[in-house]
$ cat upload-v9.cif   # mmCIF, C-alpha atoms
data_coords
#
loop_
_atom_site.label_atom_id
_atom_site.label_comp_id
_atom_site.auth_asym_id
_atom_site.auth_seq_id
_atom_site.Cartn_x
_atom_site.Cartn_y
_atom_site.Cartn_z
CA MET A 1 8.15 9.28 -19.48
CA THR A 2 10.90 6.75 -20.16
CA ALA A 3 11.05 3.23 -18.82
CA PRO A 4 14.36 1.57 -19.72
CA ASN A 5 14.13 -2.22 -19.62
CA ALA A 6 17.84 -3.04 -19.48
CA GLY A 7 18.53 -5.80 -16.99
CA LEU A 8 14.87 -6.71 -16.49
CA PRO A 9 13.57 -10.27 -16.93
CA ALA A 10 11.81 -11.34 -20.11
CA PRO A 11 8.35 -9.81 -20.53
CA TRP A 12 5.43 -11.81 -19.14
CA PRO A 13 2.75 -12.65 -21.76
CA ALA A 14 -0.46 -11.50 -20.12
CA PRO A 15 -3.15 -14.20 -20.43
CA PHE A 16 -5.96 -13.24 -22.83
CA THR A 17 -9.46 -14.65 -22.88
CA ALA A 18 -12.52 -13.99 -24.97
CA SER A 19 -14.70 -16.00 -22.57
CA PRO A 20 -16.16 -15.17 -19.16
CA VAL A 21 -14.18 -16.17 -16.09
CA GLU A 22 -15.94 -17.98 -13.25
CA ALA A 23 -13.69 -18.06 -10.19
CA THR A 24 -13.48 -17.98 -6.41
CA VAL A 25 -10.28 -16.35 -5.19
CA SER A 26 -8.62 -15.96 -1.80
CA VAL A 27 -5.97 -13.26 -1.44
CA PRO A 28 -3.23 -12.92 1.21
CA GLY A 29 -3.35 -10.53 4.15
CA SER A 30 -3.48 -6.75 3.95
CA LYS A 31 -0.08 -5.09 3.61
CA SER A 32 -1.36 -1.91 5.26
CA LEU A 33 -2.67 -3.78 8.31
CA THR A 34 0.26 -6.21 8.54
CA ASN A 35 2.87 -3.44 8.65
CA ARG A 36 0.91 -1.25 11.05
CA TYR A 37 0.45 -4.12 13.48
CA LEU A 38 4.11 -5.10 13.15
CA VAL A 39 5.15 -1.61 14.25
CA LEU A 40 2.73 -1.68 17.19
CA ALA A 41 3.93 -5.16 18.17
CA ALA A 42 7.50 -3.82 18.34
CA LEU A 43 6.29 -1.20 20.85
CA ALA A 44 3.84 -3.35 22.82
CA ASP A 45 4.13 -4.33 26.48
CA GLY A 46 4.54 -8.03 25.70
CA ARG A 47 4.59 -10.68 22.99
CA SER A 48 2.06 -10.22 20.17
CA ARG A 49 0.81 -12.54 17.44
CA LEU A 50 -0.24 -11.69 13.90
CA ARG A 51 -2.40 -14.42 12.37
CA ALA A 52 -2.45 -14.90 8.58
CA PRO A 53 -0.23 -11.85 7.95
CA LEU A 54 1.04 -10.89 4.54
CA HIS A 55 4.30 -12.48 3.45
CA SER A 56 5.71 -10.30 0.69
CA ARG A 57 8.70 -8.08 0.00
CA ASP A 58 7.14 -5.10 1.82
CA SER A 59 6.30 -7.12 4.94
CA GLU A 60 9.70 -8.87 4.91
CA LEU A 61 11.40 -5.47 4.75
CA MET A 62 9.37 -4.37 7.76
CA VAL A 63 10.30 -7.52 9.71
CA SER A 64 13.97 -6.99 8.86
CA ALA A 65 13.75 -3.36 9.98
CA LEU A 66 12.23 -4.32 13.33
CA ARG A 67 14.91 -6.96 13.85
CA ALA A 68 17.60 -4.38 13.08
CA LEU A 69 16.18 -2.20 15.87
CA GLY A 70 16.14 -5.07 18.37
CA ALA A 71 12.69 -6.68 18.15
CA VAL A 72 12.45 -10.47 17.83
CA VAL A 73 10.13 -11.74 15.09
CA THR A 74 9.51 -15.49 14.86
CA GLU A 75 7.53 -17.47 12.31
CA VAL A 76 5.18 -20.07 13.81
CA GLU A 77 2.69 -22.44 12.26
CA GLY A 78 -0.73 -20.94 11.69
CA SER A 79 -3.94 -21.60 9.81
CA GLY A 80 -3.42 -19.02 7.04
CA ALA A 81 -3.22 -20.32 3.48
CA PHE A 82 -0.32 -18.06 2.48
CA GLY A 83 2.28 -18.57 5.18
CA PRO A 84 2.99 -18.80 8.91
CA ASP A 85 1.86 -16.57 11.72
CA LEU A 86 4.30 -14.09 13.27
CA LEU A 87 5.20 -13.81 16.95
CA VAL A 88 6.77 -10.46 17.89
CA ASP A 89 8.73 -9.77 21.06
CA PRO A 90 9.00 -5.98 21.40
CA LEU A 91 12.05 -3.76 21.44
CA PRO A 92 14.03 -4.43 24.63
CA ALA A 93 14.23 -1.74 27.28
CA VAL A 94 18.02 -1.82 27.04
CA LEU A 95 19.87 -2.66 23.84
CA PRO A 96 23.42 -3.97 23.70
CA ALA A 97 25.95 -1.47 22.40
CA ALA A 98 26.09 -1.51 18.61
CA ALA A 99 29.43 -1.80 16.80
CA GLY A 100 28.25 0.80 14.31
CA PRO A 101 25.06 2.35 12.98
CA ARG A 102 22.11 0.05 12.45
CA ARG A 103 20.98 -0.21 8.84
CA VAL A 104 17.43 -0.40 7.51
CA ASP A 105 16.75 -1.37 3.90
CA CYS A 106 13.45 0.27 2.96
CA GLY A 107 13.32 -1.27 -0.52
CA LEU A 108 10.46 0.57 -2.21
CA ALA A 109 8.10 0.23 0.77
CA GLY A 110 6.54 3.51 1.80
CA THR A 111 5.39 2.00 5.09
CA VAL A 112 8.99 1.07 5.97
CA MET A 113 10.67 4.30 4.92
CA ARG A 114 8.03 6.40 6.73
CA PHE A 115 6.84 4.27 9.69
CA VAL A 116 10.22 3.02 10.91
CA PRO A 117 12.17 6.30 11.44
CA PRO A 118 9.88 7.49 14.30
CA LEU A 119 10.28 4.02 15.78
CA ALA A 120 14.07 4.29 15.46
CA ALA A 121 13.86 7.61 17.29
CA LEU A 122 13.06 5.56 20.41
CA VAL A 123 16.26 3.50 20.07
CA PRO A 124 19.56 5.00 21.29
CA GLY A 125 22.22 5.22 18.61
CA SER A 126 22.32 5.83 14.87
CA THR A 127 20.24 4.16 12.17
CA VAL A 128 20.94 4.51 8.45
CA PHE A 129 17.92 4.36 6.13
CA ASP A 130 18.23 3.65 2.40
CA GLY A 131 16.30 1.83 -0.29
CA ASP A 132 15.86 1.06 -3.98
CA PRO A 133 16.77 3.68 -6.60
CA HIS A 134 13.07 4.52 -7.06
CA ALA A 135 12.76 5.00 -3.28
CA ARG A 136 15.36 7.76 -3.32
CA VAL A 137 12.97 10.09 -5.17
CA ARG A 138 9.92 9.47 -2.97
CA PRO A 139 8.94 12.36 -0.67
CA MET A 140 10.37 12.06 2.85
CA SER A 141 10.85 15.66 4.00
CA ALA A 142 7.72 15.73 6.20
CA VAL A 143 8.98 12.86 8.36
CA ILE A 144 12.55 14.18 8.41
CA ASP A 145 11.40 17.67 9.41
CA ALA A 146 9.04 16.23 12.02
CA LEU A 147 11.81 14.21 13.63
CA ARG A 148 13.96 17.32 13.79
CA GLY A 149 11.02 19.15 15.32
CA LEU A 150 11.02 16.48 18.03
CA GLY A 151 14.64 17.29 18.80
CA LEU A 152 16.34 14.47 16.87
CA GLN A 153 19.40 14.65 14.65
CA VAL A 154 18.78 13.66 11.03
CA ASP A 155 21.49 13.89 8.37
CA ASP A 156 19.95 13.75 4.90
CA GLY A 157 22.43 15.96 3.07
CA GLY A 158 19.66 18.52 2.59
CA ARG A 159 17.80 16.29 0.11
CA GLY A 160 14.62 15.53 2.02
CA THR A 161 14.81 11.96 0.70
CA LEU A 162 16.60 8.67 1.30
CA PRO A 163 19.32 7.96 2.25
CA PHE A 164 19.60 9.55 5.69
CA THR A 165 20.96 8.81 9.15
CA LEU A 166 18.84 9.26 12.27
CA THR A 167 20.35 9.46 15.76
CA GLY A 168 17.95 8.37 18.50
CA SER A 169 18.41 9.03 22.18
CA GLY A 170 15.39 7.40 23.79
CA ALA A 171 11.84 8.68 24.02
CA PRO A 172 11.30 12.12 22.42
CA SER A 173 9.35 14.55 24.55
CA GLY A 174 6.56 14.83 21.98
CA GLY A 175 3.94 17.52 22.46
CA ARG A 176 2.49 19.71 19.69
CA LEU A 177 3.92 19.25 16.22
CA VAL A 178 2.81 20.87 12.95
CA ILE A 179 3.59 19.17 9.61
CA ASP A 180 2.55 19.38 5.97
CA ALA A 181 1.39 15.86 5.08
CA SER A 182 -0.14 16.79 1.73
CA ALA A 183 2.34 14.56 -0.14
CA SER A 184 1.34 11.38 1.74
CA SER A 185 -0.97 10.36 4.56
CA GLN A 186 1.80 7.96 5.63
CA PHE A 187 3.55 10.93 7.25
CA VAL A 188 0.66 11.23 9.70
CA SER A 189 0.39 7.48 10.31
CA ALA A 190 4.14 7.20 10.91
CA LEU A 191 4.08 9.70 13.78
CA LEU A 192 0.83 8.46 15.29
CA LEU A 193 2.06 4.86 15.53
CA ALA A 194 5.10 5.82 17.63
CA ALA A 195 3.38 8.63 19.55
CA PRO A 196 2.18 6.59 22.58
CA ARG A 197 5.83 6.05 23.49
CA PHE A 198 6.71 9.76 23.42
CA GLU A 199 7.03 11.21 26.94
CA ASN A 200 4.11 13.61 26.45
CA GLY A 201 2.33 11.80 23.67
CA LEU A 202 1.69 13.83 20.55
CA HIS A 203 -0.62 16.59 19.35
CA LEU A 204 -0.12 16.35 15.58
CA VAL A 205 -1.46 19.08 13.30
CA HIS A 206 -1.58 18.94 9.50
CA ARG A 207 -1.27 22.35 7.81
CA GLY A 208 -1.25 22.55 4.03
CA PRO A 209 -3.24 21.30 1.02
CA ALA A 210 -5.80 18.57 1.59
CA LEU A 211 -4.55 15.39 3.24
CA PRO A 212 -4.53 12.57 0.64
CA SER A 213 -5.85 9.09 1.44
CA PRO A 214 -7.55 9.98 4.74
CA ASP A 215 -8.87 6.41 4.86
CA HIS A 216 -5.36 5.21 5.65
CA VAL A 217 -5.10 7.59 8.60
CA ALA A 218 -8.47 6.35 9.84
CA MET A 219 -7.04 2.82 9.66
CA THR A 220 -4.07 3.89 11.78
CA VAL A 221 -6.35 5.47 14.38
CA HIS A 222 -8.45 2.29 14.44
CA VAL A 223 -5.50 -0.06 15.02
CA LEU A 224 -4.13 2.23 17.75
CA ARG A 225 -7.46 2.17 19.56
CA SER A 226 -7.65 -1.61 19.13
CA VAL A 227 -4.52 -1.96 21.33
CA GLY A 228 -5.71 0.43 24.00
CA VAL A 229 -4.20 3.73 22.85
CA GLN A 230 -6.24 6.89 23.41
CA VAL A 231 -6.57 8.93 20.21
CA ASP A 232 -8.64 12.10 19.81
CA ASP A 233 -9.30 12.91 16.14
CA SER A 234 -12.42 15.01 16.73
CA VAL A 235 -10.82 18.14 15.22
CA PRO A 236 -10.22 17.93 11.44
CA ASN A 237 -6.53 17.60 10.54
CA GLU A 238 -5.52 17.21 14.19
CA TRP A 239 -4.73 14.09 16.21
CA GLN A 240 -3.95 13.88 19.91
CA VAL A 241 -2.36 10.65 21.11
CA ALA A 242 -2.04 10.12 24.85
CA PRO A 243 1.20 8.66 26.19
CA GLY A 244 0.90 5.19 27.64
CA PRO A 245 1.38 1.48 27.09
CA ILE A 246 0.48 -0.41 23.93
CA ALA A 247 -1.26 -3.63 24.90
CA ALA A 248 0.16 -6.86 23.49
CA PHE A 249 -2.32 -8.42 21.09
CA ASP A 250 -3.35 -11.49 19.13
CA THR A 251 -5.05 -10.45 15.90
CA ALA A 252 -6.06 -11.92 12.55
CA ILE A 253 -5.08 -9.85 9.52
CA GLU A 254 -7.84 -9.19 6.99
CA PRO A 255 -7.31 -10.13 3.32
CA ASP A 256 -5.87 -7.31 1.21
CA LEU A 257 -8.92 -5.76 -0.43
CA SER A 258 -6.84 -3.48 -2.66
CA ASN A 259 -5.05 -6.50 -4.10
CA ALA A 260 -8.43 -8.12 -4.69
CA GLY A 261 -9.21 -5.36 -7.20
CA PRO A 262 -7.64 -6.80 -10.38
CA PHE A 263 -9.41 -10.13 -9.81
CA LEU A 264 -12.75 -8.40 -9.29
CA GLY A 265 -12.06 -6.26 -12.35
CA ALA A 266 -11.61 -9.45 -14.37
CA ALA A 267 -15.30 -10.18 -13.88
CA LEU A 268 -16.15 -6.83 -15.46
CA VAL A 269 -13.65 -7.24 -18.32
CA THR A 270 -14.80 -10.74 -19.29
CA SER A 271 -18.51 -10.45 -18.39
CA GLY A 272 -17.88 -13.21 -15.89
CA THR A 273 -18.18 -13.72 -12.14
CA VAL A 274 -15.47 -13.53 -9.49
CA ARG A 275 -15.90 -14.18 -5.78
CA ILE A 276 -13.42 -13.01 -3.12
CA THR A 277 -13.58 -14.92 0.14
CA GLY A 278 -12.98 -13.52 3.61
CA TRP A 279 -14.38 -10.06 2.83
CA PRO A 280 -14.96 -8.31 6.17
CA ALA A 281 -18.40 -6.93 7.01
CA GLU A 282 -16.70 -3.83 8.44
CA THR A 283 -13.21 -2.62 7.58
CA THR A 284 -10.97 0.43 7.43
CA GLN A 285 -9.30 -0.76 4.22
CA VAL A 286 -9.57 1.58 1.23
CA GLY A 287 -10.15 -1.52 -0.92
CA ASP A 288 -13.69 -1.75 0.42
CA LYS A 289 -14.43 1.05 -2.06
CA TRP A 290 -14.58 -1.62 -4.78
CA ARG A 291 -18.17 -2.14 -3.64
CA SER A 292 -19.07 1.33 -4.95
CA ILE A 293 -16.48 1.75 -7.72
CA LEU A 294 -17.32 -1.39 -9.70
CA PRO A 295 -21.08 -0.71 -9.91
CA ALA A 296 -20.27 2.76 -11.26
CA LEU A 297 -18.36 1.04 -14.07
CA GLY A 298 -21.19 -1.36 -14.86
CA ALA A 299 -20.76 -4.39 -12.59
CA GLU A 300 -23.17 -6.10 -10.24
CA VAL A 301 -21.74 -6.38 -6.72
CA HIS A 302 -23.09 -8.41 -3.80
CA LEU A 303 -21.63 -9.09 -0.34
CA ALA A 304 -23.00 -12.00 1.68
CA ASP A 305 -21.55 -14.31 4.34
CA GLY A 306 -18.04 -12.97 3.92
CA THR A 307 -17.87 -13.40 0.15
CA LEU A 308 -17.91 -10.48 -2.28
CA THR A 309 -19.33 -11.47 -5.67
CA VAL A 310 -18.83 -9.31 -8.77
CA THR A 311 -20.50 -10.06 -12.10
CA GLY A 312 -19.84 -8.25 -15.34
CA SER A 313 -22.78 -6.80 -17.25
CA GLY A 314 -21.40 -7.16 -20.77
CA ARG A 315 -20.02 -3.63 -20.98
CA ILE A 316 -17.72 -1.30 -19.09
CA SER A 317 -19.10 2.20 -18.80
CA GLY A 318 -16.98 5.24 -18.12
CA ALA A 319 -17.48 7.14 -14.89
CA GLU A 320 -16.43 10.16 -12.87
CA LEU A 321 -14.70 8.87 -9.76
CA ALA A 322 -13.02 10.83 -6.97
CA GLY A 323 -10.45 9.73 -4.42
CA THR A 324 -9.69 6.24 -5.73
CA SER A 325 -6.27 6.42 -4.03
CA GLU A 326 -4.12 3.28 -4.43
CA LEU A 327 -6.95 1.65 -6.40
CA ALA A 328 -6.45 4.12 -9.26
CA PRO A 329 -4.14 1.99 -11.47
CA THR A 330 -6.71 -0.81 -11.58
CA VAL A 331 -9.53 1.69 -12.07
CA ALA A 332 -7.60 3.36 -14.91
CA ALA A 333 -7.07 0.01 -16.62
CA LEU A 334 -10.81 -0.65 -16.53
CA CYS A 335 -11.53 2.88 -17.80
CA ALA A 336 -9.14 2.33 -20.72
CA LEU A 337 -11.46 -0.53 -21.77
CA ALA A 338 -14.68 1.44 -21.22
CA ASP A 339 -17.07 2.58 -23.96
CA SER A 340 -17.38 6.17 -22.70
CA PRO A 341 -15.01 8.73 -21.12
CA SER A 342 -13.87 8.59 -17.52
CA VAL A 343 -12.54 11.28 -15.20
CA LEU A 344 -10.52 10.33 -12.12
CA THR A 345 -9.94 13.15 -9.62
CA GLY A 346 -8.35 13.66 -6.22
CA ILE A 347 -5.29 11.50 -6.93
CA ALA A 348 -2.52 14.04 -7.57
CA HIS A 349 -0.53 12.48 -4.71
CA LEU A 350 -0.02 9.33 -6.83
CA ARG A 351 2.79 11.23 -8.53
CA GLY A 352 4.83 10.49 -5.39
CA HIS A 353 4.04 6.77 -5.04
CA GLU A 354 6.29 3.88 -6.13
CA THR A 355 6.56 5.76 -9.40
CA ASP A 356 4.74 8.78 -10.81
CA ARG A 357 1.65 6.68 -11.34
CA LEU A 358 -0.29 9.30 -13.30
CA ALA A 359 2.49 9.76 -15.86
CA ALA A 360 3.12 6.02 -16.00
CA LEU A 361 -0.54 5.17 -16.60
CA VAL A 362 -0.89 7.77 -19.35
CA THR A 363 2.31 6.58 -21.04
CA GLU A 364 1.40 2.89 -20.98
CA ILE A 365 -2.28 3.27 -21.91
CA ASN A 366 -1.34 5.48 -24.85
CA ARG A 367 1.48 3.11 -25.85
CA LEU A 368 -1.21 0.47 -26.50
CA GLY A 369 -3.32 2.87 -28.59
CA GLY A 370 -5.35 4.36 -25.77
CA ASP A 371 -6.37 7.98 -25.21
CA ALA A 372 -5.39 9.13 -21.72
CA GLU A 373 -4.08 12.40 -20.38
CA GLU A 374 -3.09 13.87 -17.05
CA THR A 375 -5.09 16.59 -15.34
CA PRO A 376 -3.86 18.65 -12.38
CA ASP A 377 -5.30 16.16 -9.90
CA GLY A 378 -6.00 13.02 -11.88
CA LEU A 379 -6.66 11.43 -15.25
CA LEU A 380 -8.96 11.82 -18.24
CA ILE A 381 -9.42 8.58 -20.21
CA ARG A 382 -11.40 8.39 -23.45
CA PRO A 383 -12.50 5.29 -25.38
CA ALA A 384 -10.01 4.00 -27.95
CA ALA A 385 -9.21 0.71 -29.65
CA LEU A 386 -6.27 -0.87 -27.84
CA HIS A 387 -3.68 -3.18 -29.36
CA GLY A 388 -0.97 -5.47 -28.03
CA GLY A 389 2.48 -4.36 -27.00
CA THR A 390 4.79 -4.00 -24.01
CA TRP A 391 3.37 -2.61 -20.77
CA ASN A 392 6.14 -1.24 -18.55
CA THR A 393 5.82 -1.42 -14.78
CA TYR A 394 8.40 1.09 -13.43
CA ALA A 395 9.09 -1.27 -10.48
CA ASP A 396 5.48 -0.61 -9.37
CA HIS A 397 3.34 -3.59 -8.37
CA ARG A 398 0.06 -1.85 -9.17
CA MET A 399 1.27 -0.91 -12.64
CA ALA A 400 2.02 -4.61 -13.19
CA THR A 401 -1.46 -5.78 -12.19
CA ALA A 402 -3.06 -3.01 -14.27
CA GLY A 403 -1.19 -4.30 -17.31
CA ALA A 404 -2.37 -7.84 -16.62
CA LEU A 405 -5.97 -6.62 -16.46
CA ILE A 406 -5.73 -4.87 -19.83
CA GLY A 407 -4.06 -7.96 -21.28
CA LEU A 408 -7.09 -9.99 -20.29
CA ALA A 409 -9.09 -8.08 -22.93
CA VAL A 410 -6.35 -7.14 -25.44
CA ARG A 411 -4.43 -9.88 -27.18
CA GLY A 412 -0.65 -9.62 -27.26
CA VAL A 413 0.05 -7.52 -24.14
CA GLU A 414 3.37 -8.30 -22.46
CA VAL A 415 4.03 -7.01 -18.95
CA GLN A 416 7.62 -6.03 -18.29
CA ASP A 417 8.77 -7.34 -14.88
CA ILE A 418 5.64 -9.04 -13.53
CA GLY A 419 7.88 -10.05 -10.60
CA THR A 420 7.44 -6.59 -9.09
CA THR A 421 4.06 -7.86 -7.80
CA ALA A 422 6.11 -9.62 -5.08
CA LYS A 423 6.05 -6.26 -3.29
CA THR A 424 2.59 -7.02 -1.89
CA LEU A 425 1.29 -10.15 -3.69
CA PRO A 426 4.02 -12.67 -4.59
CA GLN A 427 1.43 -15.21 -5.75
CA PHE A 428 -0.12 -12.87 -8.33
CA PRO A 429 1.13 -14.58 -11.55
CA GLU A 430 -0.08 -18.00 -10.34
CA LEU A 431 -3.41 -16.70 -9.04
CA TRP A 432 -3.96 -14.78 -12.29
CA GLN A 433 -3.19 -17.86 -14.39
CA GLN A 434 -5.65 -19.90 -12.32
CA LEU A 435 -8.29 -17.20 -12.77
CA THR A 436 -7.98 -17.12 -16.53
CA GLN A 437 -8.10 -20.90 -16.77
CA THR A 438 -11.67 -20.78 -15.42
CA ALA A 439 -12.86 -19.08 -18.60
CA VAL A 440 -15.13 -21.43 -20.51
CA ALA A 441 -15.83 -20.90 -24.23
#
$ encode --input "upload-v9.cif" --output "structure tokens"
Amino acid sequence: MTAPNAGLPAPWPAPFTASPVEATVSVPGSKSLTNRYLVLAALADGRSRLRAPLHSRDSELMVSALRALGAVVTEVEGSGAFGPDLLVDPLPAVLPAAAGPRRVDCGLAGTVMRFVPPLAALVPGSTVFDGDPHARVRPMSAVIDALRGLGLQVDDGGRGTLPFTLTGSGAPSGGRLVIDASASSQFVSALLLAAPRFENGLHLVHRGPALPSPDHVAMTVHVLRSVGVQVDDSVPNEWQVAPGPIAAFDTAIEPDLSNAGPFLGAALVTSGTVRITGWPAETTQVGDKWRSILPALGAEVHLADGTLTVTGSGRISGAELAGTSELAPTVAALCALADSPSVLTGIAHLRGHETDRLAALVTEINRLGGDAEETPDGLLIRPAALHGGTWNTYADHRMATAGALIGLAVRGVEVQDIGTTAKTLPQFPELWQQLTQTAVA
């Protein structure tokens, strides 16, 4: 796999430490929750407020998309440590005539390129969707085909990817719809979020290989129910959403538990201790799996009074782990530093994420002297002595944080384009520097 670096900023020297870190870290709001609630706010029956939301490239792209469709999003002072709250006035019942097609820049945000088209289906007129070069190879055919199945016109040139133009005409009739969402659970979430505004709601059926990342669909169902939407998910791979209003809301966004992963992993890598504040007692975030993943790799993990504490044991042990989803790049980085083999399964769908994450991880781990290989549905990583070198990111924020984690234990690692972390965690370089400065010899 190639990763040309022409035009990229100078590599970022990943901080290295031979001493344990001892840190308490707060991370910004969840991207998954922020963007789901933004979509629902645009469809709600009144003004909604998101408290302590994420402010990053992905969330800014979502805000811009909603504004392009007619919603009003206003920043107001809040109590969050990472930026203002957001007030959202929903899409108006009647939009002024547009001079031309509306345009939505999806960047590299899967939640924007998948969640917003069903929303745009409710807005009369044409909307053009496009994004970054990497976004143009991400799977989109399930959403495009679904919109056509709902009676909408979509012109994608037969590619099944960005760019495409959608022509909305008001509320689709809805009803029963069968899709193959095996490439991404976001296809299911995208349709469920808009479904309450379809005339007959939606009976969505997934037919095909196993649905990846079912936790993210469970999150979508949870947020829908939290705003008064009736959802029946009692039949596996089927979801029935009743038509009806979406109640305006005032909600606090949980910290992003997936983004907490590299910081927690630092405790394991350095035999130190890291505490993450604001950890919810109950959550639908996939990042809560860190509480079971890290002990399997040798860490001690304790949750009390909203703080998750992870302490390294002095070694990283390999493990067999299934369904690590978006956590896999961080898990793979830890496994590359382990003293026994690891097998990661159930993550074949990562080939269609911001980049082909399985190929990228194998390429970059092996570039530094590691021993990793792809399997049909995951990775096999064996112990090997790593050395310094360039770690390429492929415009993928989780590849960037994985490289930083390896650099914590391997002197001389340089991460190409650490700025790509702005996708979901703009403060990562500063927070990571602060973390490493807590190491005491």
$ residues_around --input "upload-v9.cif" --residues "Val205 in chain A" --least-positions-apart "5" --cutoff "6 Å" --atoms "all atoms listed in the file" --output "list of chain:residue names"
A:Val178, A:Asn237, A:Glu238
$ residues_around --input "upload-v9.cif" --residues "Ala52 in chain A" --least-positions-apart "6" --cutoff "12 Å" --atoms "only C-alpha atoms" --output "list of chain:residue names"
A:Val27, A:Pro28, A:Gly29, A:Ser30, A:Lys31, A:Leu33, A:Thr34, A:Glu75, A:Val76, A:Glu77, A:Gly78, A:Ser79, A:Gly80, A:Ala81, A:Phe82, A:Gly83, A:Pro84, A:Asp85, A:Leu86, A:Leu87, A:Asp250, A:Thr251, A:Ala252, A:Ile253, A:Glu254, A:Pro255, A:Asp256, A:Gly278
$ residues_near_point --input "upload-v9.cif" --point "(5.9, 6.3, 23.0)" --cutoff "8 Å" --atoms "all atoms listed in the file" --output "list of chain:residue names"
A:Leu43, A:Leu122, A:Ala171, A:Pro172, A:Ala194, A:Ala195, A:Pro196, A:Arg197, A:Phe198, A:Glu199, A:Gly201, A:Pro243, A:Gly244, A:Pro245
$ residues_near_point --input "upload-v9.cif" --point "(5.2, -6.1, -3.8)" --cutoff "12 Å" --atoms "all atoms listed in the file" --output "JSON, numbers by chain"
{"A": [28, 30, 31, 32, 54, 55, 56, 57, 58, 59, 60, 61, 107, 108, 109, 110, 259, 354, 393, 395, 396, 397, 398, 399, 400, 401, 417, 418, 419, 420, 421, 422, 423, 424, 425, 426, 427, 428]}
$ write_last_selection --input "upload-v9.cif" --atoms "C-alpha atoms" --output "short mmCIF file (atom, residue, chain, number, x, y, z; two decimals), in the frame of the given file"
data_model
loop_
_atom_site.label_atom_id
_atom_site.label_comp_id
_atom_site.auth_asym_id
_atom_site.auth_seq_id
_atom_site.Cartn_x
_atom_site.Cartn_y
_atom_site.Cartn_z
CA PRO A 28 -3.23 -12.92 1.21
CA SER A 30 -3.48 -6.75 3.95
CA LYS A 31 -0.08 -5.09 3.61
CA SER A 32 -1.36 -1.91 5.26
CA LEU A 54 1.04 -10.89 4.54
CA HIS A 55 4.30 -12.48 3.45
CA SER A 56 5.71 -10.30 0.69
CA ARG A 57 8.70 -8.08 0.00
CA ASP A 58 7.14 -5.10 1.82
CA SER A 59 6.30 -7.12 4.94
CA GLU A 60 9.70 -8.87 4.91
CA LEU A 61 11.40 -5.47 4.75
CA GLY A 107 13.32 -1.27 -0.52
CA LEU A 108 10.46 0.57 -2.21
CA ALA A 109 8.10 0.23 0.77
CA GLY A 110 6.54 3.51 1.80
CA ASN A 259 -5.05 -6.50 -4.10
CA GLU A 354 6.29 3.88 -6.13
CA THR A 393 5.82 -1.42 -14.78
CA ALA A 395 9.09 -1.27 -10.48
CA ASP A 396 5.48 -0.61 -9.37
CA HIS A 397 3.34 -3.59 -8.37
CA ARG A 398 0.06 -1.85 -9.17
CA MET A 399 1.27 -0.91 -12.64
CA ALA A 400 2.02 -4.61 -13.19
CA THR A 401 -1.46 -5.78 -12.19
CA ASP A 417 8.77 -7.34 -14.88
CA ILE A 418 5.64 -9.04 -13.53
CA GLY A 419 7.88 -10.05 -10.60
CA THR A 420 7.44 -6.59 -9.09
CA THR A 421 4.06 -7.86 -7.80
CA ALA A 422 6.11 -9.62 -5.08
CA LYS A 423 6.05 -6.26 -3.29
CA THR A 424 2.59 -7.02 -1.89
CA LEU A 425 1.29 -10.15 -3.69
CA PRO A 426 4.02 -12.67 -4.59
CA GLN A 427 1.43 -15.21 -5.75
CA PHE A 428 -0.12 -12.87 -8.33
#
$ resolve_selection --input "upload-v9.cif" --expression "the PyMOL selection byres ((chain A and resi 131) around 10)" --output "mmCIF file with C-alpha atoms, keeping the file's coordinate frame"
data_model
loop_
_atom_site.group_PDB
_atom_site.id
_atom_site.type_symbol
_atom_site.label_atom_id
_atom_site.label_comp_id
_atom_site.auth_asym_id
_atom_site.auth_seq_id
_atom_site.Cartn_x
_atom_site.Cartn_y
_atom_site.Cartn_z
ATOM 1 C CA VAL A 104 17.430 -0.400 7.510
ATOM 2 C CA ASP A 105 16.750 -1.370 3.900
ATOM 3 C CA CYS A 106 13.450 0.270 2.960
ATOM 4 C CA GLY A 107 13.320 -1.270 -0.520
ATOM 5 C CA LEU A 108 10.460 0.570 -2.210
ATOM 6 C CA ALA A 109 8.100 0.230 0.770
ATOM 7 C CA VAL A 112 8.990 1.070 5.970
ATOM 8 C CA MET A 113 10.670 4.300 4.920
ATOM 9 C CA PHE A 129 17.920 4.360 6.130
ATOM 10 C CA ASP A 130 18.230 3.650 2.400
ATOM 11 C CA ASP A 132 15.860 1.060 -3.980
ATOM 12 C CA PRO A 133 16.770 3.680 -6.600
ATOM 13 C CA HIS A 134 13.070 4.520 -7.060
ATOM 14 C CA ALA A 135 12.760 5.000 -3.280
ATOM 15 C CA ARG A 136 15.360 7.760 -3.320
ATOM 16 C CA LEU A 162 16.600 8.670 1.300
ATOM 17 C CA PRO A 163 19.320 7.960 2.250
#
